[in-house]
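> Dumping the structure here so I can ask a few things about it.
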Amino acid sequence: MNSYTETAQYIARRIADAAMATPTTAVILGSGLGKLGDLIANPLVIPYSDIPHFKTSTAVGHKGNLIVGTLGGKPILAMQGRFHYYEGYTMQEVTFPVRVFATLGIRTLIVSNAAGAVNPDYRVGDLMVITDHINFMPNPLVGPNLDDFGPRFPDMTDTYSPRLRALADSCAANLGIALQPGVYVAGTGPSYETPAEYRFYRTIGGDACGMSTVPEVIVARHSGLEVFGISVITNQSNDLKDGTVNDADDVVRQADNAAARMTALIEQMIKAI
């Protein structure tokens with residue numbers, strides 16, 4: 001038995017013991033966005049430390065719980081916090097939960113993060129629907145291919161589902177929530193970007209940048225999952241402001257401020273999926 005199967009079977013047993021329905025949608029909640037997990041009804045909360053082969057999330061604003069319950073009347077599985085490459089984990093460890101989700105039967109993955117604005121038209125508090133990404137992190141598919149999950153060379157044309165992006169636009173319009181479409185640039189961190197790096201990201205077509213999400217998305221697409229991604233803009237690029245430095249605690253505070261709108265949007269989407 002491989003580690004993915006062992007972990008999936010442990011989670012499946014916990015779900016069965018709680019007499020709960022097995023979800024087909026999972027949500028990964030990024031920095032400061034774990035409060036959505038607090039709104040899940042009838043929750044089964046499993047600390048990462050209890051789950052075989054799961055790592056511990058050490059990042060600011062990441063609670064480190066797997067939650068199973070209902071949101072928008074639908075069964076859902078949510079990660080309150082993710083694993084990052086900058087924490088010292090390998091890409092296989094960072095993306096391990098996504099492989100477990102695929103083994104559990106998850107078909108839709110919603111990923112969220114806190115991101116810095118590269119696009120000068122974006123403001124702190126904006127919600128950005130990820131339309132595409134540019135990756136400056138190691139690719140998690142490097143190494144022997146896991147044929148049971150997907151092909152050696154997965155196509156990345158429609159990485160972020162056009163269907164789910166259209167659904168987000170419709171749900172946001174009904175809720176009166178403004179959305180920005182944009183390209184997410186992923187770097188390793190943990191240092192924030194220099195002014196020159198921000199200018200470079202802008203030049204190559206980036207709208208926002210961060211230190212997560214893309215590895216999980218690549219593995220999700222390799223595993224055949226449909227993906228929706230959303231960023232909360234928590235800070236502006238340091239070449240667009242006067243001497244203000246980026247601060248991790250402020251990033252979490254800004255994400256908290258936007259959490260209600262993001263939660264309402266994701267809840268409406270899950271109702272409709």
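Residue numbering restarts at 1 for every chain of the structure tokens, chains are lettered A, B, ... in their displayed order, and ligands are numbered from 1 as they appear.
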Please provide the set of residues having any atom within 10 Å of Glu93 (chain A), restricted to only C-alpha atoms, with same-chain residues fewer than 4 positions apart removed, written as an mmCIF file with C-alpha atoms, in the first residue's frame.


data_model
loop_
_atom_site.group_PDB
_atom_site.id
_atom_site.type_symbol
_atom_site.label_atom_id
_atom_site.label_comp_id
_atom_site.auth_asym_id
_atom_site.auth_seq_id
_atom_site.Cartn_x
_atom_site.Cartn_y
_atom_site.Cartn_z
ATOM 1 C CA HIS A 53 2.074 11.131 6.313
ATOM 2 C CA PHE A 54 0.676 14.689 6.575
ATOM 3 C CA LYS A 55 3.141 17.424 7.448
ATOM 4 C CA PHE A 83 2.356 23.279 3.075
ATOM 5 C CA HIS A 84 4.905 25.530 1.386
ATOM 6 C CA TYR A 85 8.184 24.852 -0.364
ATOM 7 C CA GLY A 88 11.640 23.240 3.792
ATOM 8 C CA TYR A 89 9.249 20.630 2.422
ATOM 9 C CA PRO A 97 -2.651 16.274 0.047
ATOM 10 C CA VAL A 98 -3.784 16.771 -3.552
ATOM 11 C CA PRO A 140 6.311 18.925 -8.640
#

> Find the residues around region 220-224 of chain A up to 7 Å (only C-alpha atoms counted), leave out those fewer than 4 positions away in its own chain, and share them as a PyMOL selection string.

chain A and resi 98+102+149-151+154+159+216

> What does the distance from CA of Pro181 (chain A) to CA of Val129 (chain A) come to in Å, to one decimal?

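For CA of Pro181 (chain A) relative to CA of Val129 (chain A), the distance reads 4.9 Å.
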
> Tell me, in Å to one decimal, how far CA of Asp169 (chain A) is from CA of Gln268 (chain A).

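That distance, rounded to one decimal, is 11.0 Å.
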
> Using DSSP on the backbone coordinates, identify all residues within region 102-211 of chain A classified as strand (DSSP E); present the result as a PyMOL selection string.

chain A and resi 108-117+127-135+179-186+208-210

> Could you write those residues out with C-alpha atoms, as a PDB file, in the first residue's frame?


ATOM      1  CA  THR A 108     -13.089  19.625  -7.975  1.00  0.00           C
ATOM      2  CA  LEU A 109     -10.336  21.579  -6.213  1.00  0.00           C
ATOM      3  CA  ILE A 110     -10.727  25.201  -5.123  1.00  0.00           C
ATOM      4  CA  VAL A 111      -7.455  26.870  -4.137  1.00  0.00           C
ATOM      5  CA  SER A 112      -7.109  30.237  -2.427  1.00  0.00           C
ATOM      6  CA  ASN A 113      -4.177  32.370  -1.409  1.00  0.00           C
ATOM      7  CA  ALA A 114      -3.044  35.788  -0.266  1.00  0.00           C
ATOM      8  CA  ALA A 115      -1.141  37.582  -3.036  1.00  0.00           C
ATOM      9  CA  GLY A 116       0.709  40.794  -3.735  1.00  0.00           C
ATOM     10  CA  ALA A 117      -0.582  43.075  -6.488  1.00  0.00           C
ATOM     11  CA  LEU A 127     -10.475  39.353  -5.131  1.00  0.00           C
ATOM     12  CA  MET A 128      -8.614  38.049  -8.182  1.00  0.00           C
ATOM     13  CA  VAL A 129      -9.879  35.011 -10.067  1.00  0.00           C
ATOM     14  CA  ILE A 130      -6.803  33.211 -11.375  1.00  0.00           C
ATOM     15  CA  THR A 131      -7.037  32.821 -15.150  1.00  0.00           C
ATOM     16  CA  ASP A 132      -3.532  31.404 -15.633  1.00  0.00           C
ATOM     17  CA  HIS A 133      -0.171  31.205 -13.924  1.00  0.00           C
ATOM     18  CA  ILE A 134       3.559  31.682 -14.483  1.00  0.00           C
ATOM     19  CA  ASN A 135       5.708  29.292 -12.490  1.00  0.00           C
ATOM     20  CA  LEU A 179     -13.814  40.276  -9.210  1.00  0.00           C
ATOM     21  CA  GLN A 180     -10.541  40.935 -10.991  1.00  0.00           C
ATOM     22  CA  PRO A 181      -9.289  38.379 -13.528  1.00  0.00           C
ATOM     23  CA  GLY A 182      -5.556  37.869 -13.495  1.00  0.00           C
ATOM     24  CA  VAL A 183      -2.391  35.843 -13.932  1.00  0.00           C
ATOM     25  CA  TYR A 184      -0.695  34.553 -10.764  1.00  0.00           C
ATOM     26  CA  VAL A 185       3.103  34.423 -10.629  1.00  0.00           C
ATOM     27  CA  ALA A 186       4.520  31.823  -8.224  1.00  0.00           C
ATOM     28  CA  ALA A 208      -0.347  39.164  -8.737  1.00  0.00           C
ATOM     29  CA  CYS A 209       2.343  37.066  -7.111  1.00  0.00           C
ATOM     30  CA  GLY A 210       2.756  34.710  -4.204  1.00  0.00           C
TER      31      GLY A 210
END

> Calculated over only C-alpha atoms, which of the candidates A:Thr25, A:Gly37, A:Asn42, A:Asn119 has the smallest distance to Phe200 (chain A)?

A:Asn119

> Compare A:Pro144, A:Gly206, A:Gly105, A:Gly189 by their minimum atom-to-atom distance to Tyr86 (chain A), counting only C-alpha atoms, and give me the closest one.

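The shortest atom-to-atom distance to Tyr86 (chain A) comes from A:Gly189.
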
> Name the residues of region 62-94 of chain A that come out as helix (DSSP H, G or I) in a backbone DSSP run; write them as a count of residues only.

7

> Between CA of Val124 (chain A) and CA of Lys63 (chain A), what distance in Å does the model show, to one decimal?

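Atom-to-atom, CA of Val124 (chain A) and CA of Lys63 (chain A) are spaced 23.2 Å apart.
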
> Mind checking which residues fall within 8 Å of Gly72 (chain A), counting only C-alpha atoms, ignoring those fewer than 4 positions away in the same chain, and posting them as a PyMOL selection string?

chain A and resi 267-268+270-271

> Filtering to N, CA and C atoms, could you give me those residues as a PDB file, in the first residue's frame?


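The resulting file, out_27.pdb, is reproduced below:
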ATOM      1  N   GLU A 267     -19.076  29.752  -1.176  1.00  0.00           N
ATOM      2  CA  GLU A 267     -20.287  29.047  -0.745  1.00  0.00           C
ATOM      3  C   GLU A 267     -21.308  28.983  -1.876  1.00  0.00           C
ATOM      4  N   GLN A 268     -21.513  30.100  -2.565  1.00  0.00           N
ATOM      5  CA  GLN A 268     -22.462  30.115  -3.687  1.00  0.00           C
ATOM      6  C   GLN A 268     -21.995  29.196  -4.810  1.00  0.00           C
ATOM      7  N   ILE A 270     -20.120  26.477  -4.514  1.00  0.00           N
ATOM      8  CA  ILE A 270     -20.272  25.077  -4.120  1.00  0.00           C
ATOM      9  C   ILE A 270     -21.728  24.632  -4.214  1.00  0.00           C
ATOM     10  N   LYS A 271     -22.648  25.557  -3.893  1.00  0.00           N
ATOM     11  CA  LYS A 271     -24.072  25.234  -4.069  1.00  0.00           C
ATOM     12  C   LYS A 271     -24.379  24.856  -5.508  1.00  0.00           C
TER      13      LYS A 271
END

> Using only C-alpha atoms, which residue out of A:Lys74, A:Arg107, A:Arg82, A:Arg202 lies closest to Ile28 (chain A)?

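Closest to Ile28 (chain A), using only C-alpha atoms: A:Arg82.
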
> Write out as a list in words which residues come within 9 Å of Val219 (chain A) when counting only C-alpha atoms, dropping same-chain ones fewer than 6 positions away.

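So the residues in contact are Thr95, Phe96, Val98, Arg99, Pro140, Leu141 and Leu225 of chain A.
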
> Got time to write the residues from that selection, N, CA and C atoms, as a PDB file, in the first residue's frame?


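New file part.pdb:
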ATOM      1  N   THR A  95       2.629  18.836  -2.233  1.00  0.00           N
ATOM      2  CA  THR A  95       1.468  18.455  -3.044  1.00  0.00           C
ATOM      3  C   THR A  95       0.839  17.135  -2.609  1.00  0.00           C
ATOM      4  N   PHE A  96       1.384  16.520  -1.568  1.00  0.00           N
ATOM      5  CA  PHE A  96       0.872  15.232  -1.093  1.00  0.00           C
ATOM      6  C   PHE A  96      -0.643  15.250  -0.853  1.00  0.00           C
ATOM      7  N   VAL A  98      -3.008  16.793  -2.305  1.00  0.00           N
ATOM      8  CA  VAL A  98      -3.784  16.771  -3.552  1.00  0.00           C
ATOM      9  C   VAL A  98      -3.864  15.355  -4.104  1.00  0.00           C
ATOM     10  N   ARG A  99      -2.770  14.616  -4.021  1.00  0.00           N
ATOM     11  CA  ARG A  99      -2.795  13.212  -4.448  1.00  0.00           C
ATOM     12  C   ARG A  99      -3.766  12.409  -3.577  1.00  0.00           C
ATOM     13  N   PRO A 140       6.487  20.096  -9.510  1.00  0.00           N
ATOM     14  CA  PRO A 140       6.311  18.925  -8.640  1.00  0.00           C
ATOM     15  C   PRO A 140       6.225  17.599  -9.391  1.00  0.00           C
ATOM     16  N   LEU A 141       6.154  17.649 -10.723  1.00  0.00           N
ATOM     17  CA  LEU A 141       6.070  16.415 -11.506  1.00  0.00           C
ATOM     18  C   LEU A 141       7.439  15.891 -11.921  1.00  0.00           C
ATOM     19  N   LEU A 225      -8.201  16.604 -11.846  1.00  0.00           N
ATOM     20  CA  LEU A 225      -9.158  17.407 -11.088  1.00  0.00           C
ATOM     21  C   LEU A 225      -9.459  18.704 -11.829  1.00  0.00           C
TER      22      LEU A 225
END

> Could you name the residues that touch Leu167 (chain A) at 7 Å or less, counting only C-alpha atoms, but leaving out those on the same chain fewer than 4 positions away, as an mmCIF file with C-alpha atoms, in the first residue's frame?


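New file selection_23.cif:
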data_model
loop_
_atom_site.group_PDB
_atom_site.id
_atom_site.type_symbol
_atom_site.label_atom_id
_atom_site.label_comp_id
_atom_site.auth_asym_id
_atom_site.auth_seq_id
_atom_site.Cartn_x
_atom_site.Cartn_y
_atom_site.Cartn_z
ATOM 1 C CA ARG A 163 -16.541 26.602 -16.560
ATOM 2 C CA CYS A 171 -22.212 34.048 -8.472
ATOM 3 C CA MET A 269 -20.181 28.306 -6.111
#

> From the list A:Ile233, A:Arg261, A:Arg14, A:Val227, which residue is nearest Gly176 (chain A) when using only C-alpha atoms?

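Of the candidates, the smallest distance to Gly176 (chain A) is held by A:Arg261.
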